[in-house]
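*Asks:* Structure supplied as work.cif; contents: mmCIF, C-alpha atoms.
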```cif
data_run
loop_
_atom_site.label_atom_id
_atom_site.label_comp_id
_atom_site.auth_asym_id
_atom_site.auth_seq_id
_atom_site.Cartn_x
_atom_site.Cartn_y
_atom_site.Cartn_z
CA MET A 1 144.17 175.74 66.32
CA ALA A 2 145.43 175.20 62.80
CA THR A 3 147.26 172.04 63.77
CA THR A 4 144.23 170.55 65.45
CA SER A 5 142.25 171.31 62.33
CA LYS A 6 144.78 169.42 60.25
CA GLN A 7 144.67 166.54 62.68
CA TYR A 8 140.93 166.32 62.36
CA LYS A 9 141.23 166.29 58.59
CA ALA A 10 143.71 163.45 58.82
CA ILE A 11 141.49 161.47 61.15
CA GLY A 12 138.51 161.96 58.86
CA GLU A 13 140.51 160.84 55.88
CA ASP A 14 141.69 157.72 57.68
CA LEU A 15 138.23 156.80 58.80
CA TRP A 16 136.86 157.19 55.30
CA LYS A 17 139.61 155.04 53.84
CA GLY A 18 139.19 152.46 56.57
CA ARG A 19 135.51 152.20 55.88
CA THR A 20 135.81 151.74 52.16
CA GLU A 21 138.71 149.37 52.54
CA LYS A 22 136.51 147.18 54.68
CA ILE A 23 133.70 147.16 52.14
CA VAL A 24 136.02 146.09 49.37
CA ARG A 25 137.92 143.55 51.41
CA ALA A 26 134.76 141.99 52.75
CA ASN A 27 133.33 141.51 49.31
CA PRO A 28 135.01 138.53 47.62
CA VAL A 29 134.23 139.72 44.11
CA LEU A 30 135.39 143.27 44.65
CA SER A 31 138.54 142.25 46.43
CA THR A 32 139.64 140.16 43.50
CA ILE A 33 138.92 142.97 41.10
CA PHE A 34 140.78 145.46 43.26
CA PRO A 35 143.68 143.56 44.78
CA GLU A 36 145.51 146.70 45.75
CA SER A 37 143.56 149.78 46.50
CA PRO A 38 144.40 152.31 43.78
CA HIS A 39 140.99 151.98 42.12
CA LEU A 40 138.98 152.08 45.27
CA GLY A 41 137.47 155.32 44.05
CA LEU A 42 135.53 153.44 41.42
CA THR A 43 133.70 151.24 43.86
CA ILE A 44 132.92 154.23 46.00
CA ALA A 45 131.41 155.95 43.01
CA GLN A 46 129.10 153.01 42.39
CA ASN A 47 128.03 152.83 46.02
CA ALA A 48 127.50 156.57 46.09
CA GLU A 49 125.24 156.51 43.06
CA LEU A 50 123.10 153.83 44.61
CA PHE A 51 122.92 155.88 47.77
CA THR A 52 121.92 159.03 45.91
CA LEU A 53 119.26 157.24 43.92
CA THR A 54 117.88 155.58 47.02
CA TYR A 55 117.62 158.85 48.87
CA GLY A 56 115.94 160.51 45.94
CA ALA A 57 113.38 157.73 45.70
CA LEU A 58 112.74 158.09 49.41
CA VAL A 59 112.03 161.80 49.16
CA VAL A 60 109.73 161.28 46.21
CA GLN A 61 107.81 158.64 48.11
CA LEU A 62 107.45 160.92 51.11
CA ILE A 63 106.12 163.69 48.92
CA GLN A 64 103.58 161.36 47.43
CA ASP A 65 102.52 160.11 50.83
CA TYR A 66 102.26 163.40 52.68
CA GLU A 67 101.61 165.85 49.84
CA ASP A 68 102.66 168.70 52.12
CA TYR A 69 106.23 169.90 51.82
CA ALA A 70 106.47 171.18 55.36
CA GLU A 71 105.42 167.77 56.60
CA VAL A 72 107.98 166.11 54.34
CA ASN A 73 110.66 168.33 55.84
CA LYS A 74 109.59 167.27 59.27
CA GLN A 75 109.60 163.59 58.38
CA LEU A 76 113.02 163.82 56.81
CA GLU A 77 114.31 165.48 59.94
CA LYS A 78 112.73 162.82 62.11
CA MET A 79 114.29 160.05 60.06
CA GLY A 80 117.58 161.81 60.29
CA TYR A 81 117.19 161.99 64.05
CA ASN A 82 116.81 158.23 64.32
CA ILE A 83 119.78 157.72 62.05
CA GLY A 84 121.83 160.18 64.06
CA THR A 85 121.24 158.48 67.40
CA ARG A 86 122.78 155.33 65.98
CA LEU A 87 125.39 156.93 63.80
CA ILE A 88 127.03 158.55 66.79
CA GLU A 89 127.75 155.14 68.31
CA ASP A 90 129.43 154.05 65.12
CA PHE A 91 131.39 157.28 65.07
CA LEU A 92 132.49 157.01 68.69
CA ALA A 93 133.49 153.40 68.31
CA LYS A 94 135.56 154.00 65.20
CA SER A 95 137.08 157.37 65.81
CA ASN A 96 138.12 157.28 69.47
CA ILE A 97 137.81 161.01 69.67
CA GLY A 98 137.48 162.37 73.18
CA ARG A 99 135.08 164.97 74.45
CA CYS A 100 135.23 168.31 72.71
CA ALA A 101 136.31 171.25 74.83
CA ASP A 102 133.71 173.63 73.49
CA PHE A 103 131.07 173.97 70.83
CA ARG A 104 133.57 175.40 68.41
CA GLU A 105 135.55 172.21 68.51
CA THR A 106 132.34 170.25 68.09
CA GLY A 107 131.73 172.09 64.85
CA GLU A 108 135.22 171.30 63.63
CA VAL A 109 134.90 167.62 64.45
CA VAL A 110 131.47 167.32 62.87
CA ALA A 111 132.64 168.89 59.65
CA LYS A 112 136.10 167.47 59.28
CA VAL A 113 135.80 164.05 60.86
CA GLY A 114 132.11 163.27 60.88
CA PHE A 115 131.05 164.24 57.41
CA LYS A 116 134.33 163.11 55.94
CA SER A 117 134.18 159.64 57.40
CA PHE A 118 130.58 158.96 56.39
CA LEU A 119 129.99 160.93 53.22
CA ASN A 120 133.49 161.77 52.11
CA ILE A 121 132.76 165.48 51.96
CA THR A 122 134.20 168.26 54.06
CA PRO A 123 131.83 171.17 54.47
CA THR A 124 133.36 174.49 55.41
CA VAL A 125 132.76 175.56 58.99
CA ILE A 126 132.10 179.10 60.07
CA HIS A 127 131.78 179.64 63.78
CA SER A 128 129.84 182.37 65.46
CA ALA A 129 129.46 182.92 69.16
CA PRO A 130 127.13 185.88 69.53
CA ALA A 131 128.43 188.23 72.21
CA VAL A 132 126.33 190.36 74.54
CA PRO A 133 126.53 194.06 73.58
CA PRO A 134 127.78 196.25 76.43
CA SER A 135 125.12 198.37 78.05
CA ASN A 136 126.32 201.96 78.02
CA ARG A 137 123.32 203.93 79.13
CA PRO A 138 124.47 206.31 81.83
CA ASN A 139 121.07 206.63 83.44
CA SER A 140 120.83 203.09 84.56
CA PRO A 141 123.36 202.45 87.25
CA ALA A 142 124.12 198.90 88.14
CA THR A 143 121.71 197.37 85.68
CA PRO A 144 122.93 193.88 85.38
CA SER A 145 123.56 193.04 81.76
CA PRO A 146 121.31 190.23 80.60
CA ALA A 147 122.76 186.84 81.35
CA SER A 148 124.86 186.10 78.32
CA THR A 149 122.78 183.34 76.86
CA ALA A 150 125.22 183.40 74.01
CA ASN A 151 124.05 180.46 71.98
CA PRO A 152 127.09 179.52 70.02
CA SER A 153 126.47 178.23 66.57
CA PHE A 154 128.32 177.17 63.49
CA SER A 155 127.41 177.08 59.84
CA LEU A 156 128.28 174.29 57.48
CA THR A 157 128.61 175.23 53.85
CA PHE A 158 128.39 172.30 51.48
CA ASP A 159 130.30 172.66 48.24
CA GLU A 160 129.20 169.26 47.13
CA ASN A 161 126.29 167.23 48.37
CA PRO A 162 126.12 163.54 47.52
CA LEU A 163 122.40 163.46 48.21
CA THR A 164 121.60 165.90 45.44
CA GLU A 165 123.83 164.60 42.66
CA PHE A 166 121.21 164.33 39.94
CA VAL A 167 118.43 166.39 41.47
CA GLU A 168 116.47 169.32 40.15
CA LEU A 169 113.47 170.56 42.07
CA PRO A 170 110.16 171.19 40.33
CA ASP A 171 108.26 174.44 40.86
CA GLU A 172 105.80 173.11 43.42
CA ALA A 173 108.63 171.88 45.57
CA LEU A 174 110.29 175.25 45.34
CA GLU A 175 107.13 177.05 46.31
CA GLY A 176 106.29 174.50 48.98
CA GLY A 177 109.53 175.12 50.76
CA LEU A 178 111.11 171.70 50.53
CA TRP A 179 114.57 171.29 52.02
CA PHE A 180 115.78 168.31 50.08
CA SER A 181 118.68 167.33 52.33
CA ASN A 182 116.81 167.90 55.56
CA VAL A 183 117.73 164.43 56.74
CA LEU A 184 121.22 165.79 57.45
CA CYS A 185 119.79 168.26 59.96
CA GLY A 186 118.12 165.42 61.79
CA VAL A 187 121.28 163.36 61.79
CA ILE A 188 123.23 166.14 63.43
CA ARG A 189 120.52 166.82 65.97
CA GLY A 190 120.20 163.15 66.88
CA ALA A 191 123.91 162.53 67.07
CA LEU A 192 124.66 165.55 69.23
CA GLU A 193 121.76 164.86 71.50
CA MET A 194 123.22 161.48 72.38
CA ILE A 195 126.35 163.23 73.58
CA GLN A 196 124.47 165.62 75.78
CA MET A 197 124.09 168.61 73.49
CA GLN A 198 120.72 169.88 72.49
CA VAL A 199 121.01 171.68 69.19
CA GLN A 200 118.82 173.12 66.52
CA ALA A 201 119.92 172.40 62.98
CA GLU A 202 118.30 173.85 59.89
CA PHE A 203 119.12 174.78 56.35
CA VAL A 204 119.27 178.46 55.55
CA SER A 205 119.99 178.18 51.86
CA ASP A 206 120.16 175.49 49.22
CA VAL A 207 121.51 175.52 45.68
CA LEU A 208 118.57 173.38 44.64
CA ARG A 209 116.35 176.29 45.53
CA GLY A 210 118.38 178.67 43.46
CA ASP A 211 120.50 180.11 46.26
CA GLU A 212 124.22 180.65 45.96
CA THR A 213 125.32 178.11 48.53
CA THR A 214 123.97 175.21 50.52
CA GLU A 215 124.30 176.21 54.12
CA MET A 216 123.17 174.58 57.35
CA ARG A 217 123.11 176.42 60.62
CA VAL A 218 123.60 174.45 63.85
CA LYS A 219 122.81 176.29 67.04
CA LEU A 220 123.48 175.02 70.53
CA ILE A 221 120.43 175.30 72.74
CA LYS A 222 121.93 173.86 75.88
CA TYR A 223 124.10 171.15 77.29
CA LEU A 224 122.07 168.32 78.72
CA GLU A 225 122.84 167.17 82.21
CA GLU A 226 122.64 163.57 83.25
CA GLU A 227 119.71 162.66 85.39
CA VAL A 228 120.14 160.70 88.55
CA PRO A 229 117.66 158.02 89.51
CA VAL A 230 114.84 159.01 91.77
CA GLY A 231 115.87 158.84 95.38
CA GLU A 232 119.58 159.27 94.85
CA ASP A 233 121.62 162.39 95.49
CA MET B 1 111.38 163.59 84.19
CA ARG B 2 112.12 165.92 81.33
CA GLY B 3 110.13 165.93 78.18
CA THR B 4 113.02 165.64 75.76
CA ASN B 5 113.90 162.48 73.97
CA SER B 6 117.27 162.27 75.50
CA THR B 7 116.38 161.00 78.94
CA ARG B 8 117.88 157.65 79.24
CA HIS B 9 117.40 155.29 82.03
CA CYS B 10 119.41 153.16 84.35
CA ASN B 11 117.88 149.82 83.63
CA CYS B 12 119.88 146.81 82.85
CA VAL B 13 119.25 145.84 79.25
CA PHE B 14 121.42 142.82 78.92
CA TYR B 15 122.80 140.24 81.26
CA SER B 16 124.76 137.12 80.70
CA ASP B 17 126.92 135.09 82.95
CA TRP B 18 129.51 132.45 82.48
CA HIS B 19 130.55 131.29 85.89
CA ARG B 20 129.04 132.24 89.15
CA THR B 21 129.38 130.91 92.61
CA LYS B 22 125.80 131.37 93.57
CA ARG B 23 122.95 132.34 91.35
CA PRO B 24 121.20 135.50 92.30
CA LYS B 25 117.57 135.18 93.16
CA LEU B 26 115.12 135.61 90.36
CA ALA B 27 114.04 139.14 89.76
CA ASN B 28 110.86 140.46 91.24
CA GLU B 29 107.86 140.92 89.06
CA GLY B 30 108.13 144.21 87.30
CA GLY B 31 111.69 144.78 88.35
CA ILE B 32 113.42 143.54 85.28
CA LEU B 33 112.82 144.33 81.65
CA PRO B 34 111.74 141.51 79.40
CA GLY B 35 114.40 140.05 77.23
CA VAL B 36 117.31 140.90 79.47
CA SER B 37 118.06 137.41 80.50
CA ARG B 38 115.90 134.39 80.47
CA ALA B 39 117.56 132.98 83.50
CA MET B 40 116.86 135.98 85.66
CA SER B 41 113.28 136.74 84.76
CA PRO B 42 110.60 135.92 87.26
CA VAL B 43 108.60 132.77 86.81
CA PRO B 44 105.50 133.57 84.80
CA PRO B 45 102.25 133.27 86.70
CA SER B 46 100.65 131.13 84.03
CA VAL B 47 102.17 128.48 81.84
CA ASP B 48 100.85 130.05 78.66
CA SER B 49 104.16 131.52 77.71
CA SER B 50 105.45 128.11 76.82
CA SER B 51 103.20 128.11 73.80
CA ASN B 52 105.39 130.67 72.05
CA GLY B 53 108.11 129.31 69.87
CA THR B 54 111.19 131.41 70.59
CA PRO B 55 113.28 130.69 73.65
CA PHE B 56 113.33 134.31 74.69
CA THR B 57 109.66 134.97 75.13
CA SER B 58 108.84 137.66 77.52
CA PRO B 59 107.24 136.21 80.61
CA ARG B 60 105.89 139.58 81.44
CA ASN B 61 103.18 139.79 78.87
CA THR B 62 100.59 140.53 81.46
CA LEU B 63 102.34 143.39 83.15
CA ALA B 64 102.13 147.04 82.32
CA SER B 65 105.36 148.17 80.78
CA GLY B 66 105.82 151.12 83.05
CA SER B 67 105.89 149.27 86.32
CA GLY B 68 108.90 149.27 88.54
CA VAL B 69 111.20 151.21 86.25
CA VAL B 70 113.59 153.75 87.65
CA VAL B 71 114.00 156.56 85.19
CA ALA B 72 117.38 158.19 84.80
CA VAL B 73 120.06 158.79 82.25
CA GLY B 74 122.58 156.14 81.52
CA ASP B 75 121.69 152.96 79.80
CA ALA B 76 123.29 150.14 81.69
CA THR B 77 124.40 146.99 80.03
CA SER B 78 125.66 144.35 82.38
CA HIS B 79 127.73 141.31 81.78
CA SER B 80 128.92 139.18 84.60
CA ILE B 81 131.73 136.76 84.80
CA ALA B 82 131.90 136.05 88.44
CA ALA B 83 134.77 134.74 90.43
CA LEU B 84 135.84 131.28 91.36
CA LEU B 85 134.63 129.38 88.36
CA GLN B 86 132.35 126.71 89.59
CA THR B 87 128.96 125.51 88.66
CA GLN B 88 127.66 125.81 85.16
CA THR B 89 125.39 128.73 84.72
CA ILE B 90 122.79 129.77 82.18
CA SER B 91 119.84 127.54 82.78
CA THR B 92 117.06 127.60 80.26
CA SER B 93 114.20 127.11 82.63
CA PRO B 94 113.60 129.67 85.31
CA SER B 95 113.16 127.19 88.09
CA PRO B 96 113.95 128.33 91.60
CA LEU B 97 117.64 127.91 92.33
CA GLN B 98 119.78 128.21 95.38
CA THR B 99 119.74 131.78 96.49
CA SER B 100 122.83 133.95 96.54
CA SER B 101 124.66 134.76 99.71
CA THR B 102 123.32 138.30 99.68
CA GLY B 103 119.81 137.04 99.11
CA LEU B 104 119.11 139.82 96.65
CA PRO B 105 116.92 139.34 93.63
CA PHE B 106 118.58 140.11 90.36
CA ASP B 107 116.88 143.37 89.63
CA GLU B 108 117.95 144.81 92.94
CA GLU B 109 121.45 143.59 92.32
CA ALA B 110 121.42 145.40 89.04
CA LYS B 111 120.21 148.58 90.67
CA LEU B 112 122.90 148.29 93.29
CA VAL B 113 125.55 147.92 90.66
CA TYR B 114 124.28 150.94 88.85
CA GLY B 115 124.13 152.98 92.04
CA VAL B 116 127.67 152.10 92.95
CA ILE B 117 128.95 153.00 89.52
CA LEU B 118 127.09 156.28 89.42
CA SER B 119 128.30 157.38 92.85
CA LEU B 120 131.88 156.42 92.19
CA ARG B 121 131.83 158.16 88.87
CA ASN B 122 130.43 161.35 90.31
CA MET B 123 132.92 161.33 93.12
CA ILE B 124 135.81 160.91 90.73
CA LYS B 125 134.54 163.62 88.46
CA ARG B 126 134.32 165.97 91.38
CA LEU B 127 137.76 165.10 92.60
CA SER B 128 139.62 165.26 89.35
CA GLY B 129 137.53 166.94 86.71
CA ARG B 130 135.77 165.83 83.60
CA ASP B 131 138.65 164.09 81.95
CA GLU B 132 139.27 161.33 84.39
CA GLN B 133 137.25 158.21 84.21
CA PHE B 134 136.37 155.57 86.68
CA VAL B 135 137.84 152.37 85.27
CA ASN B 136 137.52 149.51 87.67
CA TYR B 137 137.46 148.57 91.32
CA ARG B 138 138.46 145.45 93.12
CA THR B 139 137.36 143.67 96.26
CA SER B 140 138.57 140.43 97.74
CA ALA B 141 135.87 138.53 95.89
CA TYR B 142 135.57 140.16 92.50
CA LYS B 143 136.69 142.95 90.23
CA LEU B 144 134.26 145.24 88.47
CA HIS B 145 135.28 146.75 85.14
CA LEU B 146 133.44 149.65 83.60
CA TYR B 147 133.54 151.08 80.13
CA GLU B 148 131.39 154.08 79.52
CA THR B 149 130.82 155.68 76.15
CA MET B 150 130.37 159.39 75.64
CA SER B 151 126.80 158.67 74.72
CA GLY B 152 126.04 157.32 78.16
CA TYR B 153 126.06 153.59 77.61
CA LYS B 154 127.70 151.68 80.40
CA PHE B 155 129.25 148.29 79.92
CA VAL B 156 130.00 146.47 83.14
CA MET B 157 131.90 143.28 83.67
CA LEU B 158 132.58 141.38 86.86
CA SER B 159 135.53 139.07 87.05
CA ASP B 160 138.02 137.33 89.21
CA PRO B 161 139.94 139.80 91.37
CA LEU B 162 143.31 138.79 90.00
CA THR B 163 142.44 139.66 86.41
CA ASP B 164 144.05 142.60 84.66
CA SER B 165 141.87 145.33 83.33
CA LEU B 166 139.20 143.98 81.03
CA ARG B 167 138.26 147.38 79.77
CA PHE B 168 139.52 146.49 76.33
CA VAL B 169 137.09 143.59 76.27
CA LEU B 170 134.22 145.89 77.03
CA ARG B 171 135.47 148.22 74.35
CA SER B 172 135.54 145.42 71.83
CA ILE B 173 132.06 144.37 72.85
CA HIS B 174 130.96 147.92 72.17
CA SER B 175 132.75 148.18 68.81
CA GLY B 176 131.90 144.66 67.78
CA PRO B 177 128.67 142.91 68.68
CA PHE B 178 126.94 145.99 70.10
CA LEU B 179 127.64 148.09 67.04
CA GLU B 180 126.75 145.40 64.60
CA TYR B 181 123.69 143.81 66.09
CA VAL B 182 122.18 146.57 68.16
CA VAL B 183 123.16 149.89 66.62
CA ARG B 184 122.91 148.74 63.05
CA ASN B 185 119.75 146.76 63.63
CA PRO B 186 116.76 149.08 63.23
CA LEU B 187 114.50 146.65 65.00
CA VAL B 188 116.40 146.82 68.25
CA SER B 189 115.56 149.95 70.15
CA MET B 190 118.57 151.85 71.44
CA ASP B 191 116.79 153.50 74.22
CA SER B 192 114.18 151.05 75.34
CA ARG B 193 112.69 151.26 78.77
CA GLU B 194 110.46 148.31 78.20
CA LYS B 195 112.58 145.70 76.62
CA GLY B 196 116.04 144.34 77.03
CA ILE B 197 118.31 143.60 74.11
CA ASP B 198 116.69 140.36 73.18
CA ASN B 199 118.77 139.56 70.17
CA GLU B 200 120.05 136.10 69.39
CA TYR B 201 123.00 137.28 67.33
CA PHE B 202 124.10 139.74 69.91
CA ARG B 203 123.96 137.21 72.67
CA ALA B 204 125.83 134.65 70.61
CA SER B 205 128.57 136.97 69.47
CA VAL B 206 129.15 138.35 72.95
CA ASP B 207 129.33 134.80 74.19
CA ARG B 208 131.80 133.91 71.50
CA LEU B 209 133.91 136.94 72.19
CA VAL B 210 134.09 136.30 75.90
CA ARG B 211 134.77 132.61 75.57
CA GLY B 212 137.57 133.38 73.19
CA LEU B 213 139.43 135.46 75.72
CA SER B 214 142.72 134.24 77.06
CA VAL B 215 141.68 135.06 80.58
CA PHE B 216 138.56 132.96 80.31
CA ASN B 217 139.04 129.88 82.43
#
```
What does the file become when written as structure tokens?

*Replies:*
Amino acid sequence: MATTSKQYKAIGEDLWKGRTEKIVRANPVLSTIFPESPHLGLTIAQNAELFTLTYGALVVQLIQDYEDYAEVNKQLEKMGYNIGTRLIEDFLAKSNIGRCADFRETGEVVAKVGFKSFLNITPTVIHSAPAVPPSNRPNSPATPSPASTANPSFSLTFDENPLTEFVELPDEALEGGLWFSNVLCGVIRGALEMIQMQVQAEFVSDVLRGDETTEMRVKLIKYLEEEVPVGED
Amino acid sequence: MRGTNSTRHCNCVFYSDWHRTKRPKLANEGGILPGVSRAMSPVPPSVDSSSNGTPFTSPRNTLASGSGVVVAVGDATSHSIAALLQTQTISTSPSPLQTSSTGLPFDEEAKLVYGVILSLRNMIKRLSGRDEQFVNYRTSAYKLHLYETMSGYKFVMLSDPLTDSLRFVLRSIHSGPFLEYVVRNPLVSMDSREKGIDNEYFRASVDRLVRGLSVFN
């Protein structure tokens, strides 16, 4: 699996470069300033700052409007969901990646190709497929073990988060339970739902809240089956 | 019908044609979503719709949006270039035209197309497994090309039977005009049951793309 992992990293890298190349080339001013691409990083930095500031302003506005941090979390997630349903099309069109064999591979692709190509970060992935413990009670012959509803999941650990570049949370936000980057959970939920996976994504820790790491847990609820029109099959 | 947000439907959301031997009949009332194609929408009962400025006004303002919609997964986008290039096509006024040889109204044609694609796809999946994809089929009169994305969107194109596979065209429609004017446009709903993709830019760029093909005419 190590080679596939490297391949995904390479694909993510290419997509990221392709994207930024396009932005610079399409802009007549920028393309004269950066005729070759060694200083592309500079333009990215400027775009990233604008992005960070915009997101921060958005969260602040939501807090002012709703005044309830749980509600803000929900709204961020909802916005992320709408973004995700569209982002997946962009991703599929650009990356040409085929269907993933299992949820483990999905996690790898999300982290190494998805996040890399859109945000230029590569969160670390930790997979976990909970197994059913064997039932070893001698008094219960032929008890069928519970159907292994092993809901596989993976955790993404973010070493760097472009959304939170300049952010420090005030005390009320900390007490209110705000997950600042909750939009990312929505994006993942929306994107995966469009490719027939129903997942639950939530943050379990956040450096902004004083925790050690920023970690998001994505759990597969079920694979969605296609519906057939009424009256057929 | 499940309660999740992911149910997608099998309605045609876009139609455009370039050459067609015989026009299909106009769609029945309630059978076609507004904004799919001006040429195929039923004639409005009153003439009030002419008072609106844009050329793509929905003639279905009076109908309930839920009528006549078959609900299923798989958003179908149809483009047709039919065989034997003859009469000029897209008329701007939905006046009654000569009926097609099958005599089917457009919305039923669209449903037929979707049904055929779905059945063929399922059959192929059962025969060969998840990895194989139904690509195109050919009859003596036309060839139907299909490109389906992992997210369930289906792009269909009908062409002359002698054409090579136009799947790459459908792919470029997906990566080009669709991505730019539908996906990236927050005002166009990706999953609409009530409205077709009624977007001027999209229509124009698809038109441009198709007309620029070497196989076109």

*Asks:* Just the number, please: distance in Å from atom CA of Ile83 of chain A to atom CA of Val187 of chain A, one decimal.

*Replies:* 5.8 Å

*Asks:* Give the answer as one residue: which of A:Phe118, A:Phe203, A:Phe51, A:Phe91 has the shortest atom-to-atom distance to Asn73 of chain A, using only C-alpha atoms?

*Replies:* A:Phe203

*Asks:* Using only C-alpha atoms for the distances, tell me which of B:Lys125, B:Lys195, B:Arg171, B:Arg138 is nearest to chain A.

*Replies:*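 Of the candidates, the smallest distance to chain A is held by B:Arg171.
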
*Asks:* Kindly resolve the PyMOL selection byres ((chain A and resi 195) around 9) on the present coordinates and return the residues as a list in words.

*Replies:* Ile88, Arg99, Ala191, Leu192, Glu193, Met194, Gln196, Met197, Gln198 and Leu224 of chain A; Met150, Ser151 and Gly152 of chain B

*Asks:* Please indicate the distance in Å from atom CA of Leu178 of chain A to atom CA of Asp206 of chain A, rounded to one decimal place.

*Replies:* 9.9 Å

*Asks:* Expressed in Å to a single decimal, how great is the separation between atom CA of Leu144 of chain B and atom CA of Ile197 of chain B?

*Replies:*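 So the answer is 21.5 Å.
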
*Asks:* Evaluate the PyMOL selection byres ((chain A) within 12 of (chain B)) here and jot the selected residues down as an MDAnalysis selection string.

*Replies:* chainID A and resid 78:79 81:101 189:199 223:233

*Asks:* Between B:Ser205, B:Val13, B:Val210, B:Ser128, which residue has the minimum interatomic distance to Ser159 of chain B, considering all atoms listed in the file?

*Replies:* B:Val210

*Asks:* Can you turn the PyMOL selection byres ((chain A and resi 202) around 6) into a concrete residue list for this file, as number ranges by chain?

*Replies:* A: 185, 201, 203, 216-217

*Asks:* Could you save those same residues with C-alpha atoms as a PDB file, in the coordinates of the input?

*Replies:*
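Done, and the output landed in out-v2.pdb:
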```
ATOM      1  CA  CYS A 185     119.790 168.260  59.960  1.00  0.00           C
ATOM      2  CA  ALA A 201     119.920 172.400  62.980  1.00  0.00           C
ATOM      3  CA  PHE A 203     119.120 174.780  56.350  1.00  0.00           C
ATOM      4  CA  MET A 216     123.170 174.580  57.350  1.00  0.00           C
ATOM      5  CA  ARG A 217     123.110 176.420  60.620  1.00  0.00           C
TER       6      ARG A 217
END
```

*Asks:* Using only C-alpha atoms, which residue out of A:Ala70, A:Val113, A:Ile63, A:Leu58 lies closest to Lys6 of chain A?

*Replies:*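 Checking each of A:Ala70, A:Val113, A:Ile63, A:Leu58 against Lys6 of chain A, counting only C-alpha atoms, the winner is A:Val113.
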
*Asks:* Within 7 Å of segment 160-164 of chain A, counting all atoms listed in the file, which residues qualify if same-chain residues fewer than 2 places away don't, as a ChimeraX atom specification?

*Replies:* /A:52,55,158,166-167,181

*Asks:* Would you export the selected residues with C-alpha atoms as a tab-separated table (two decimals), in the frame of the given file, please?

*Replies:*
```
chain	number	residue	atom	x	y	z
A	52	THR	CA	121.92	159.03	45.91
A	55	TYR	CA	117.62	158.85	48.87
A	158	PHE	CA	128.39	172.30	51.48
A	166	PHE	CA	121.21	164.33	39.94
A	167	VAL	CA	118.43	166.39	41.47
A	181	SER	CA	118.68	167.33	52.33
```

*Asks:* Ranking A:Phe115, A:Phe154, A:Tyr69, A:Trp179 by minimum distance to Trp16 of chain A and counting all atoms listed in the file, which one comes first?

*Replies:*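 Smallest distance to Trp16 of chain A is found for A:Phe115.
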
*Asks:* Counting only C-alpha atoms, which residues come within 7 Å of (129.2, 185.3, 68.6), with the point read in the file's coordinates, and could you list them as JSON, numbers by chain?

*Replies:* {"A": [128, 129, 130, 131, 150, 152]}

*Asks:* Could you write out the selected residues, including C-alpha atoms, as a PDB file, keeping the file's coordinate frame?

*Replies:*
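Saved file out34.pdb follows:
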```pdb
ATOM      1  CA  SER A 128     129.840 182.370  65.460  1.00  0.00           C
ATOM      2  CA  ALA A 129     129.460 182.920  69.160  1.00  0.00           C
ATOM      3  CA  PRO A 130     127.130 185.880  69.530  1.00  0.00           C
ATOM      4  CA  ALA A 131     128.430 188.230  72.210  1.00  0.00           C
ATOM      5  CA  ALA A 150     125.220 183.400  74.010  1.00  0.00           C
ATOM      6  CA  PRO A 152     127.090 179.520  70.020  1.00  0.00           C
TER       7      PRO A 152
END
```

*Asks:* Given the choices B:Asn122, B:Leu166, B:Gly196, B:Glu109, which gets closest to Asn136 of chain B if the distance is worked out from all atoms listed in the file?

*Replies:* B:Leu166

*Asks:* So which residues are close to (129.7, 175.5, 52.4), meaning at most 10 Å away in the file's coordinates with all atoms listed in the file counted, and can you show them as a list in words?

*Replies:*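 Answer for this query, in the requested form: Thr122, Pro123, Thr124, Val125, Ile126, Ser155, Leu156, Thr157, Phe158, Asp159, Glu160, Asn161, Glu212, Thr213, Thr214, Glu215 and Met216 of chain A.
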
*Asks:* Write out as JSON, numbers by chain which residues come within 10 Å of Leu162 of chain B when counting only C-alpha atoms, dropping same-chain ones fewer than 6 positions away.

*Replies:* {"B": [83, 138, 139, 140, 141, 142, 143]}
